[in-house]
Amino acid sequence: MSLLNVQGLQKTYDSFQLKDISFSLPKGFIMGYIGENGAGKTTTLNLITHLCHADSGTISIDGLQYETDPKKYIEQIGFIGDQSYFPGEFRLKDIRFLLKLMYPSFQKDKFDAMAANWKLPEKTKIQDYSRGMKVKLMFASVLSRDTKLLILDEATNGLDPVMRAEIIDMLQDYIMDGERSILFSTHVLSDLEQIADYIVLIHKGKILLNQTKEELLENYVIVHGALSDLTEAKKEKMIGIIEAAYGFDALLSSADAEGLGQEFVIEKASIDQIMIHMIKNGGNLE
């Protein structure tokens with residue numbers, strides 16, 4: 001059963017249009033939502049969280065739409081971005097008071113246990129917290145509530161590898177009961193290589209790819225070779241050819257890689273490489 005269901009979302013601004021965005025995220029899974037800057041990732045997340053309203057389309061979380069019960073809809077969402085959303089002058093006691101006031105499901109004991117475990121200082125102003133402390137505080141604020149959908153918008157940007165590993169563990173714990181899911185928008189695609197179950201690639205306001213991570217990594221390979229060996233027939237099959245002094249790199253479907261020729265080097269493609277070459281190709285998969 002889908003936890004998050006997005007159908008036909010459209011949003012038009014003066015210089016940008018989000019066009020017919022549709023995808024479903026099953027319960028107990030993590031979806032990576034990727035694309036270059038300006039592709040429409042944050043706009044999509046803002047529509048899901050109702051920071052802005054869609055021109056058309058529907059969104060439901062566990063079968064509930066915002067229009068039916070706005071308060072319950074919002075309470076199901078936990079959001080963590082790349083910047084702290086707490087007032088800089090606040091201290092931990094102020095955060096506790098705010099969370100208790102806003103969310104009926106807030107559990108003070110759980111929040112305090114996480115704050116103590118992560119050594120978040122009680123009397124220090126939030127503006128004086130380190131980047132890592134601010135991220136941990138946001139996670140504590142979300143994980144101490146009864147949420148169903150965790151939305152991450154570049155939440156791991158600028159963190160050291162140790163802190164990112166801690167977050168990856170927290171995310172896996174979050175979905176362990178099989179009732180909750182995560183929508184993870186990030187440029188740190190190595191994180192998605194570890195934990196994502198689904199990958200959605202958006203480009204210029206349109207979805208290019210919507211596959212399981214396993215399917216995506218099995219369906220494409222990276223090809224290296226000399227430009228002189230690249231015939232027109234072979235070139236037509238390449239996706240997003242990038243030329244360099246040593247030759248070229250390109251994305252290729254795994255099926256087309258069979259019988260390509262020993263003069264080419266074929267390697268497994270990463271999510272990062274797949275995204276780069278598809279965008280280089282202008283979003284065309286043929």
# chains A, B, ... in the order shown; residues from 1 in each chain; ligands from 1
>>> select_by_dssp(residues="range 32-240 of chain A", states="strand (DSSP E)", output="MDAnalysis selection string")
chainID A and resid 32:34 56:61 64:65 77:80 149:153 181:185 198:203 206:212 220:225 239:240
>>> residues_around(residues="Arg145 in chain A", least_positions_apart="4", cutoff="12 Å", atoms="only C-alpha atoms", output="short mmCIF file (atom, residue, chain, number, x, y, z; two decimals) with N, CA and C atoms, in the first residue's frame")
data_model
loop_
_atom_site.label_atom_id
_atom_site.label_comp_id
_atom_site.auth_asym_id
_atom_site.auth_seq_id
_atom_site.Cartn_x
_atom_site.Cartn_y
_atom_site.Cartn_z
N ILE A 74 -0.85 17.59 8.16
CA ILE A 74 0.46 18.19 8.48
C ILE A 74 1.14 17.43 9.61
N GLU A 75 0.36 16.95 10.59
CA GLU A 75 0.96 16.24 11.71
C GLU A 75 1.62 14.94 11.28
N GLN A 76 1.22 14.40 10.14
CA GLN A 76 1.82 13.15 9.65
C GLN A 76 3.21 13.37 9.04
N ILE A 77 3.57 14.62 8.78
CA ILE A 77 4.82 14.93 8.08
C ILE A 77 5.89 15.40 9.05
N GLY A 78 7.09 14.85 8.87
CA GLY A 78 8.27 15.38 9.52
C GLY A 78 9.18 15.94 8.44
N PHE A 79 9.64 17.17 8.59
CA PHE A 79 10.45 17.81 7.56
C PHE A 79 11.79 18.24 8.13
N ARG A 96 11.23 22.65 23.25
CA ARG A 96 10.28 21.73 23.90
C ARG A 96 8.90 22.36 23.99
N LEU A 99 7.25 22.60 20.46
CA LEU A 99 6.82 21.31 19.93
C LEU A 99 5.58 20.79 20.67
N LYS A 100 5.56 20.97 21.99
CA LYS A 100 4.40 20.54 22.78
C LYS A 100 3.16 21.34 22.39
N MET A 102 2.56 22.77 19.43
CA MET A 102 2.16 22.58 18.04
C MET A 102 1.71 21.16 17.72
N TYR A 103 2.29 20.15 18.40
CA TYR A 103 2.05 18.76 18.00
C TYR A 103 1.56 17.93 19.19
N PRO A 104 0.33 17.45 19.13
CA PRO A 104 -0.22 16.62 20.21
C PRO A 104 0.56 15.34 20.45
N SER A 105 1.22 14.81 19.40
CA SER A 105 1.93 13.54 19.54
C SER A 105 3.36 13.70 20.06
N PHE A 106 3.78 14.95 20.36
CA PHE A 106 5.15 15.18 20.84
C PHE A 106 5.39 14.46 22.16
N GLN A 107 6.53 13.73 22.22
CA GLN A 107 6.91 12.98 23.41
C GLN A 107 8.16 13.60 24.03
N LYS A 108 7.97 14.33 25.11
CA LYS A 108 9.07 15.06 25.75
C LYS A 108 10.19 14.12 26.19
N ASP A 109 9.85 12.98 26.79
CA ASP A 109 10.87 12.06 27.28
C ASP A 109 11.76 11.56 26.13
N LYS A 110 11.13 11.28 25.01
CA LYS A 110 11.88 10.81 23.85
C LYS A 110 12.79 11.90 23.32
N PHE A 111 12.29 13.13 23.26
CA PHE A 111 13.08 14.27 22.81
C PHE A 111 14.27 14.48 23.73
N MET A 138 16.95 19.00 14.67
CA MET A 138 15.81 18.82 13.78
C MET A 138 15.34 17.37 13.77
N PHE A 139 16.29 16.44 13.76
CA PHE A 139 15.91 15.03 13.82
C PHE A 139 15.22 14.70 15.14
N ALA A 140 15.73 15.25 16.23
CA ALA A 140 15.10 15.00 17.53
C ALA A 140 13.67 15.54 17.55
N SER A 141 13.45 16.68 16.93
CA SER A 141 12.12 17.29 16.92
C SER A 141 11.14 16.45 16.11
N LEU A 149 5.45 10.27 7.37
CA LEU A 149 6.27 10.60 6.20
C LEU A 149 7.36 11.56 6.60
N LEU A 150 8.61 11.16 6.40
CA LEU A 150 9.75 12.02 6.67
C LEU A 150 10.26 12.57 5.35
N TYR A 174 13.86 4.51 11.18
CA TYR A 174 12.57 5.18 11.05
C TYR A 174 11.55 4.34 10.28
#
>>> atom_distance(atom1="CA of Lys136 in chain A", atom2="CA of Ile59 in chain A")
28.6 Å
>>> residues_around(residues="Ala245 in chain A", least_positions_apart="6", cutoff="12 Å", atoms="only C-alpha atoms", output="PyMOL selection string")
chain A and resi 225-227
>>> residues_around(residues="Arg164 in chain A", least_positions_apart="2", cutoff="12 Å", atoms="only C-alpha atoms", output="PyMOL selection string")
chain A and resi 132+135-136+154-162+166-171+188+190-192+194
>>> residues_around(residues="range 269-281 of chain A", least_positions_apart="3", cutoff="8 Å", atoms="only C-alpha atoms", output="ChimeraX atom specification")
/A:35,189-190,193,201,203,216-217,220-222,239-242,250-251,284-285
>>> closest_atom_pairs(of="range 151-176 of chain A", to="range 41-55 of chain A", cutoff="9 Å", atoms="only C-alpha atoms", output="JSON lines")
{"residue": "A:Ile151", "atom": "CA", "partner": "A:Leu45", "partner_atom": "CA", "distance": 7.7}
{"residue": "A:Leu152", "atom": "CA", "partner": "A:Leu45", "partner_atom": "CA", "distance": 8.9}
{"residue": "A:Asp153", "atom": "CA", "partner": "A:Thr42", "partner_atom": "CA", "distance": 7.3}
>>> select_by_dssp(residues="range 23-103 of chain A", states="alpha helix (DSSP H)", output="number ranges by chain")
A: 41-48, 70-75, 92-102
>>> write_last_selection(atoms="C-alpha atoms", output="PDB file, in the first residue's frame")
ATOM      1  CA  LYS A  41      12.566  19.181  -6.419  1.00  0.00           C
ATOM      2  CA  THR A  42      11.938  21.806  -3.749  1.00  0.00           C
ATOM      3  CA  THR A  43       8.763  22.979  -5.487  1.00  0.00           C
ATOM      4  CA  THR A  44       7.437  19.416  -5.304  1.00  0.00           C
ATOM      5  CA  LEU A  45       8.308  19.142  -1.606  1.00  0.00           C
ATOM      6  CA  ASN A  46       6.680  22.516  -0.905  1.00  0.00           C
ATOM      7  CA  LEU A  47       3.494  21.283  -2.568  1.00  0.00           C
ATOM      8  CA  ILE A  48       3.501  18.076  -0.512  1.00  0.00           C
ATOM      9  CA  PRO A  70      -5.342  20.015   7.230  1.00  0.00           C
ATOM     10  CA  LYS A  71      -4.148  19.605  10.830  1.00  0.00           C
ATOM     11  CA  LYS A  72      -3.988  15.797  10.734  1.00  0.00           C
ATOM     12  CA  TYR A  73      -2.346  15.876   7.296  1.00  0.00           C
ATOM     13  CA  ILE A  74       0.458  18.186   8.478  1.00  0.00           C
ATOM     14  CA  GLU A  75       0.961  16.242  11.711  1.00  0.00           C
ATOM     15  CA  LEU A  92      16.255  23.690  24.120  1.00  0.00           C
ATOM     16  CA  LYS A  93      13.571  24.611  26.667  1.00  0.00           C
ATOM     17  CA  ASP A  94      11.962  26.874  24.058  1.00  0.00           C
ATOM     18  CA  ILE A  95      12.023  24.096  21.475  1.00  0.00           C
ATOM     19  CA  ARG A  96      10.284  21.732  23.904  1.00  0.00           C
ATOM     20  CA  PHE A  97       7.588  24.295  24.598  1.00  0.00           C
ATOM     21  CA  LEU A  98       7.057  24.989  20.897  1.00  0.00           C
ATOM     22  CA  LEU A  99       6.817  21.309  19.931  1.00  0.00           C
ATOM     23  CA  LYS A 100       4.401  20.542  22.781  1.00  0.00           C
ATOM     24  CA  LEU A 101       2.249  23.507  21.728  1.00  0.00           C
ATOM     25  CA  MET A 102       2.160  22.575  18.035  1.00  0.00           C
TER      26      MET A 102
END
>>> atom_distance(atom1="CA of Ser24 in chain A", atom2="CA of Leu9 in chain A")
12.4 Å
>>> closest_residue(among="A:Asn210, A:Ser60, A:Ser228, A:Gln83", to="Phe23 in chain A", atoms="only C-alpha atoms")
A:Asn210
>>> atom_distance(atom1="CA of Met238 in chain A", atom2="CA of Leu252 in chain A")
5.3 Å
>>> closest_residue(among="A:Gly38, A:Lys148, A:Ala116, A:Phe90", to="Tyr129 in chain A", atoms="only C-alpha atoms")
A:Phe90
>>> closest_residue(among="A:Ser56, A:Arg91, A:Ser254, A:Gln65", to="Lys125 in chain A", atoms="only C-alpha atoms")
A:Arg91
>>> closest_residue(among="A:Leu208, A:Leu143, A:Leu137, A:Ala39", to="Arg180 in chain A", atoms="only C-alpha atoms")
A:Leu143
